[in-house]
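Chemist: Supplied structure: work_7.cif, mmCIF, C-alpha atoms.
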```cif
data_structure
#
loop_
_atom_site.group_PDB
_atom_site.id
_atom_site.type_symbol
_atom_site.label_atom_id
_atom_site.label_comp_id
_atom_site.auth_asym_id
_atom_site.auth_seq_id
_atom_site.Cartn_x
_atom_site.Cartn_y
_atom_site.Cartn_z
ATOM 1 C CA MET F 1125 4.109 15.961 -20.611
ATOM 2 C CA THR F 1126 5.309 12.363 -20.872
ATOM 3 C CA THR F 1127 2.629 9.712 -21.011
ATOM 4 C CA GLY F 1128 5.110 7.081 -19.783
ATOM 5 C CA THR F 1129 4.804 5.302 -16.501
ATOM 6 C CA VAL F 1130 5.694 7.238 -13.379
ATOM 7 C CA PRO F 1131 8.201 5.401 -11.153
ATOM 8 C CA PRO F 1132 6.638 3.879 -8.032
ATOM 9 C CA PRO F 1133 6.785 6.086 -4.932
ATOM 10 C CA ILE F 1134 9.421 5.400 -2.330
ATOM 11 C CA LYS F 1135 8.084 4.103 0.936
ATOM 12 C CA PRO F 1136 10.993 4.011 3.340
ATOM 13 C CA ARG F 1137 10.525 2.552 6.776
ATOM 14 C CA THR F 1138 10.986 5.000 9.584
ATOM 15 C CA LEU F 1139 11.892 4.400 13.200
ATOM 16 C CA MET F 1140 9.342 5.634 15.712
ATOM 17 C CA ARG F 1141 9.462 5.636 19.493
ATOM 18 C CA ALA F 1142 7.717 2.560 20.802
ATOM 19 C CA THR F 1143 4.781 2.823 23.152
ATOM 20 C CA GLY F 1144 4.853 0.284 25.938
ATOM 21 C CA PHE F 1145 8.601 -0.361 26.022
ATOM 22 C CA ASP F 1146 11.929 1.463 25.859
ATOM 23 C CA GLY F 1147 12.946 1.369 22.209
ATOM 24 C CA TYR F 1148 11.744 1.823 18.643
ATOM 25 C CA VAL F 1149 9.453 0.155 16.123
ATOM 26 C CA THR F 1150 9.422 0.590 12.354
ATOM 27 C CA SER F 1151 6.539 2.391 10.688
ATOM 28 C CA ASP F 1152 5.434 -0.817 8.963
ATOM 29 C CA GLY F 1153 5.371 -2.746 12.260
ATOM 30 C CA ARG F 1154 7.881 -5.344 11.105
ATOM 31 C CA TYR F 1155 10.876 -4.619 13.347
ATOM 32 C CA GLU F 1156 11.433 -3.516 16.899
ATOM 33 C CA LEU F 1157 14.673 -2.303 18.452
ATOM 34 C CA ARG F 1158 15.474 -2.351 22.143
ATOM 35 C CA PRO F 1159 18.533 -0.800 23.756
ATOM 36 C CA ALA F 1160 21.110 -3.116 25.348
ATOM 37 C CA ARG F 1161 22.109 -1.162 28.451
ATOM 38 C CA TYR F 1162 25.064 -2.408 30.459
ATOM 39 C CA GLY F 1163 27.412 -1.133 33.134
ATOM 40 C CA THR F 1164 26.871 1.156 36.059
ATOM 41 C CA ASP F 1165 26.087 4.095 33.762
ATOM 42 C CA ARG F 1166 23.362 2.058 31.967
ATOM 43 C CA ARG F 1167 24.567 3.493 28.653
ATOM 44 C CA VAL F 1168 23.260 1.927 25.439
ATOM 45 C CA ARG F 1169 26.038 -0.357 24.153
ATOM 46 C CA PHE F 1170 24.142 -1.664 21.105
ATOM 47 C CA TRP F 1171 20.588 -2.298 19.896
ATOM 48 C CA LYS F 1172 18.777 -5.641 19.816
ATOM 49 C CA GLY F 1173 16.629 -5.917 16.719
ATOM 50 C CA LYS F 1174 13.724 -8.315 16.362
ATOM 51 C CA ASP F 1175 11.970 -9.237 13.120
ATOM 52 C CA LEU F 1176 8.309 -9.700 14.092
ATOM 53 C CA ARG F 1177 7.279 -11.220 10.748
ATOM 54 C CA GLY F 1178 10.101 -13.566 9.944
ATOM 55 C CA THR F 1179 13.833 -13.754 10.139
ATOM 56 C CA PHE F 1180 16.831 -11.584 9.380
ATOM 57 C CA PRO F 1181 19.033 -12.779 6.482
ATOM 58 C CA ALA F 1182 21.195 -14.862 8.843
ATOM 59 C CA GLY F 1183 18.113 -16.977 9.604
ATOM 60 C CA ARG F 1184 17.618 -15.633 13.133
ATOM 61 C CA SER F 1185 14.654 -13.670 14.412
ATOM 62 C CA GLU F 1186 16.953 -11.395 16.444
ATOM 63 C CA GLN F 1187 20.083 -9.482 15.470
ATOM 64 C CA ASP F 1188 22.360 -6.946 17.190
ATOM 65 C CA PHE F 1189 23.118 -3.531 15.683
ATOM 66 C CA PRO F 1190 25.900 -1.204 16.867
ATOM 67 C CA SER F 1191 23.722 1.893 16.353
ATOM 68 C CA LEU F 1192 20.303 3.059 15.186
ATOM 69 C CA ASP F 1193 21.957 4.408 12.038
ATOM 70 C CA SER F 1194 23.328 0.952 11.281
ATOM 71 C CA PHE F 1195 19.795 -0.470 11.414
ATOM 72 C CA ARG F 1196 18.409 2.434 9.332
ATOM 73 C CA HIS F 1197 21.021 1.890 6.642
ATOM 74 C CA GLN F 1198 20.299 -1.824 6.349
ATOM 75 C CA TYR F 1199 16.529 -2.015 6.832
ATOM 76 C CA CYS F 1200 14.923 1.388 6.297
ATOM 77 C CA ALA F 1201 16.406 2.229 2.924
ATOM 78 C CA PRO F 1202 15.588 0.809 -0.499
ATOM 79 C CA GLY F 1203 18.768 -0.766 -1.871
ATOM 80 C CA GLY F 1204 20.657 -0.048 1.342
ATOM 81 C CA ARG F 1205 20.710 3.728 0.752
ATOM 82 C CA VAL F 1206 18.239 6.194 2.146
ATOM 83 C CA PRO F 1207 17.193 8.469 -0.739
ATOM 84 C CA TRP F 1208 16.983 12.228 -0.357
ATOM 85 C CA ILE F 1209 13.879 14.150 -1.325
ATOM 86 C CA VAL F 1210 13.527 17.726 -2.496
ATOM 87 C CA CYS F 1211 10.463 19.399 -0.989
ATOM 88 C CA ASP F 1212 8.705 22.703 -1.395
ATOM 89 C CA MET F 1213 6.399 24.131 1.288
ATOM 90 C CA ASP F 1214 3.566 24.605 -1.212
ATOM 91 C CA ASP F 1215 4.088 21.657 -3.552
ATOM 92 C CA GLY F 1216 5.323 18.929 -1.214
ATOM 93 C CA VAL F 1217 7.691 16.367 -2.717
ATOM 94 C CA VAL F 1218 9.281 17.729 -5.861
ATOM 95 C CA ARG F 1219 12.072 15.229 -6.633
ATOM 96 C CA VAL F 1220 13.800 12.103 -5.263
ATOM 97 C CA GLN F 1221 17.576 11.751 -5.593
ATOM 98 C CA ALA F 1222 20.162 9.249 -4.339
ATOM 99 C CA SER F 1223 22.221 11.747 -2.322
ATOM 100 C CA ARG F 1224 21.977 15.203 -0.787
ATOM 101 C CA ASP F 1225 24.538 16.583 -3.249
ATOM 102 C CA GLU F 1226 22.570 15.217 -6.212
ATOM 103 C CA ALA F 1227 19.391 16.761 -4.796
ATOM 104 C CA ALA F 1228 21.039 20.195 -4.441
ATOM 105 C CA ASP F 1229 22.495 19.932 -7.960
ATOM 106 C CA TRP F 1230 19.053 19.065 -9.331
ATOM 107 C CA CYS F 1231 17.551 22.150 -7.627
ATOM 108 C CA SER F 1232 20.230 24.345 -9.159
ATOM 109 C CA GLY F 1233 19.469 22.883 -12.593
ATOM 110 C CA LEU F 1234 15.742 23.482 -12.148
ATOM 111 C CA LEU F 1235 16.540 27.113 -11.381
ATOM 112 C CA GLU F 1236 18.675 27.455 -14.517
ATOM 113 C CA GLY F 1237 22.005 27.071 -12.739
ATOM 114 C CA ALA F 1238 21.311 29.424 -9.832
ATOM 115 C CA PRO F 1239 24.034 28.945 -7.210
ATOM 116 C CA VAL F 1240 23.490 28.020 -3.572
ATOM 117 C CA ARG F 1241 23.393 31.268 -1.591
ATOM 118 C CA ARG F 1242 22.852 29.745 1.850
ATOM 119 C CA ARG F 1243 22.343 26.342 3.411
ATOM 120 C CA HIS F 1244 20.717 25.820 6.814
ATOM 121 C CA HIS F 1245 20.901 22.551 8.751
ATOM 122 C CA TYR F 1246 17.716 21.799 10.712
ATOM 123 C CA GLY F 1247 18.694 18.615 12.517
ATOM 124 C CA GLU F 1248 19.175 15.038 11.477
ATOM 125 C CA GLY F 1249 18.685 14.616 7.736
ATOM 126 C CA CYS F 1250 17.097 18.033 7.032
ATOM 127 C CA TYR F 1251 18.565 20.998 5.155
ATOM 128 C CA GLU F 1252 17.156 24.127 3.577
ATOM 129 C CA TYR F 1253 18.962 25.342 0.472
ATOM 130 C CA VAL F 1254 18.488 28.912 -0.740
ATOM 131 C CA PHE F 1255 19.349 29.491 -4.411
ATOM 132 C CA GLY F 1256 19.640 32.666 -6.409
ATOM 133 C CA ASN F 1257 21.742 34.966 -8.533
ATOM 134 C CA ARG F 1258 22.829 38.345 -7.213
ATOM 135 C CA GLY F 1259 20.133 40.966 -7.651
ATOM 136 C CA GLU F 1260 17.400 38.385 -8.309
ATOM 137 C CA ASP F 1261 14.760 36.805 -6.101
ATOM 138 C CA GLU F 1262 15.860 33.797 -4.092
ATOM 139 C CA GLU F 1263 14.128 30.415 -4.030
ATOM 140 C CA SER F 1264 14.455 27.767 -1.382
ATOM 141 C CA PHE F 1265 13.896 24.041 -1.133
ATOM 142 C CA PHE F 1266 14.099 21.591 1.718
ATOM 143 C CA VAL F 1267 16.385 18.635 1.055
ATOM 144 C CA LEU F 1268 15.578 15.817 3.454
ATOM 145 C CA ARG F 1269 16.530 12.218 3.987
ATOM 146 C CA ALA F 1270 13.407 10.238 3.080
ATOM 147 C CA ASP F 1271 13.241 8.514 6.454
ATOM 148 C CA ALA F 1272 13.242 11.902 8.224
ATOM 149 C CA ALA F 1273 10.676 13.656 6.005
ATOM 150 C CA HIS F 1274 7.720 12.856 8.273
ATOM 151 C CA ARG F 1275 9.350 14.870 11.101
ATOM 152 C CA ARG F 1276 9.000 18.001 8.948
ATOM 153 C CA GLY F 1277 5.461 17.282 7.770
ATOM 154 C CA PHE F 1278 6.261 15.812 4.350
ATOM 155 C CA ASP F 1279 5.089 12.448 3.010
ATOM 156 C CA ALA F 1280 8.043 10.654 1.388
ATOM 157 C CA ALA F 1281 5.600 8.408 -0.502
ATOM 158 C CA GLN F 1282 3.927 11.354 -2.269
ATOM 159 C CA GLN F 1283 4.456 11.254 -6.024
ATOM 160 C CA PRO F 1284 7.167 13.776 -6.907
ATOM 161 C CA GLN F 1285 6.338 16.540 -9.379
ATOM 162 C CA TYR F 1286 9.473 15.610 -11.342
ATOM 163 C CA PRO F 1287 9.578 11.800 -11.089
ATOM 164 C CA HIS F 1288 11.392 10.621 -14.236
ATOM 165 C CA PRO F 1289 15.062 9.648 -13.956
ATOM 166 C CA ASP F 1290 15.633 10.064 -17.722
ATOM 167 C CA GLU F 1291 13.762 13.403 -17.944
ATOM 168 C CA PRO F 1292 14.720 15.089 -14.661
ATOM 169 C CA TYR F 1293 13.090 18.468 -15.391
ATOM 170 C CA GLU F 1294 9.802 17.265 -16.847
ATOM 171 C CA GLN F 1295 6.907 18.032 -14.521
ATOM 172 C CA VAL F 1296 3.957 15.624 -14.340
ATOM 173 C CA ALA F 1297 0.486 16.011 -12.874
ATOM 174 C CA ARG F 1298 -0.234 14.154 -9.668
ATOM 175 C CA PRO F 1299 -3.052 11.583 -9.571
ATOM 176 C CA ASN F 1300 -6.479 13.083 -8.807
ATOM 177 C CA GLY F 1301 -4.966 16.569 -8.868
ATOM 178 C CA LYS F 1302 -3.539 16.031 -5.375
ATOM 179 C CA GLU F 1303 -0.895 18.517 -4.469
ATOM 180 C CA ASN F 1304 0.719 18.662 -1.044
ATOM 181 C CA SER F 1305 -0.461 15.775 1.129
#
```
So that I can check it, write out the structure of this file as structure tokens.
Modeler:
Amino acid sequence: MTTGTVPPPIKPRTLMRATGFDGYVTSDGRYELRPARYGTDRRVRFWKGKDLRGTFPAGRSEQDFPSLDSFRHQYCAPGGRVPWIVCDMDDGVVRVQASRDEAADWCSGLLEGAPVRRRHHYGEGCYEYVFGNRGEDEESFFVLRADAAHRRGFDAAQQPQYPHPDEPYEQVARPNGKENS
């Protein structure tokens, strides 16, 4: 077990339905998004974002976004990219990767190269991958976008069991013996 420092946990912002108005707020309370509805069909044409604690990079407190995904990409993801997390029902967050493909490849490596047998899509940003060799038991992992993990009962900020980028298959103990949170 490495005695080195564990990377800090990711804490992505998530969008949650607002109470009190039609729109969304971020989980940290910094931004709110309201739909801009125009025309006779009252369809959402774009989203008006408001920074409640300061200003957007352009120096304005309000900014328009063409879609919720556009806002998520720019303001909910560290470094502009939403990371993907590998989760296990019993162990919680197992690993954090930059993309879904990298997460699936990591799972295969953890299982000594076991191929993907099946993949199930469970809605926005959530997949279940089933790995296994013919004639052997299968193992499955959830691979989720970090900003969607809370919808499936996982805490994206939980310390992963395999946190080190340079030692991807070295398991570390969680603080205070905490397992799934």
Chemist: Applying 12 Å and only C-alpha atoms, which residues near F:Tyr1155 remain after dropping the ones on its own chain fewer than 6 positions away? List them as a PyMOL selection string.
Modeler: chain F and resi 1137-1140+1142+1147-1149+1171-1180+1185-1187+1195-1196+1199-1200
Chemist: Enter the distance from atom CA of F:Gly1249 to atom CA of F:Arg1275, in Å, rounded to one decimal.
Modeler: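 Interatomic distance, atom CA of F:Gly1249 to atom CA of F:Arg1275: 9.9 Å.
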Chemist: Enumerate, as a compact mmCIF listing (two decimals) with C-alpha atoms, keeping the file's coordinate frame, the protein, DNA and RNA residues whose atoms approach (20.8, 23.0, 5.9) to within 12 Å, taking into account only C-alpha atoms and the coordinate frame of the file.
Modeler:
```
# COMPACT_ATOMS: atom_id res chain seq x y z
CA ARG F 1224 21.98 15.20 -0.79
CA ASP F 1225 24.54 16.58 -3.25
CA ALA F 1228 21.04 20.20 -4.44
CA VAL F 1240 23.49 28.02 -3.57
CA ARG F 1241 23.39 31.27 -1.59
CA ARG F 1242 22.85 29.74 1.85
CA ARG F 1243 22.34 26.34 3.41
CA HIS F 1244 20.72 25.82 6.81
CA HIS F 1245 20.90 22.55 8.75
CA TYR F 1246 17.72 21.80 10.71
CA GLY F 1247 18.69 18.61 12.52
CA GLU F 1248 19.18 15.04 11.48
CA GLY F 1249 18.68 14.62 7.74
CA CYS F 1250 17.10 18.03 7.03
CA TYR F 1251 18.57 21.00 5.16
CA GLU F 1252 17.16 24.13 3.58
CA TYR F 1253 18.96 25.34 0.47
CA VAL F 1254 18.49 28.91 -0.74
CA SER F 1264 14.46 27.77 -1.38
CA PHE F 1265 13.90 24.04 -1.13
CA PHE F 1266 14.10 21.59 1.72
CA VAL F 1267 16.39 18.64 1.06
CA LEU F 1268 15.58 15.82 3.45
CA ARG F 1269 16.53 12.22 3.99
```
Chemist: Can you measure atom CA of F:Gln1283 to atom CA of F:Arg1154 for me? One decimal in Å is fine.
Modeler: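 Atom CA of F:Arg1154 lies at a distance of 24.1 Å from atom CA of F:Gln1283.
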Chemist: What is the atom CA of F:Pro1239-atom CA of F:Met1213 distance in Å, reported with one decimal?
Modeler: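 Separating atom CA of F:Pro1239 from atom CA of F:Met1213 is a distance of 20.2 Å.
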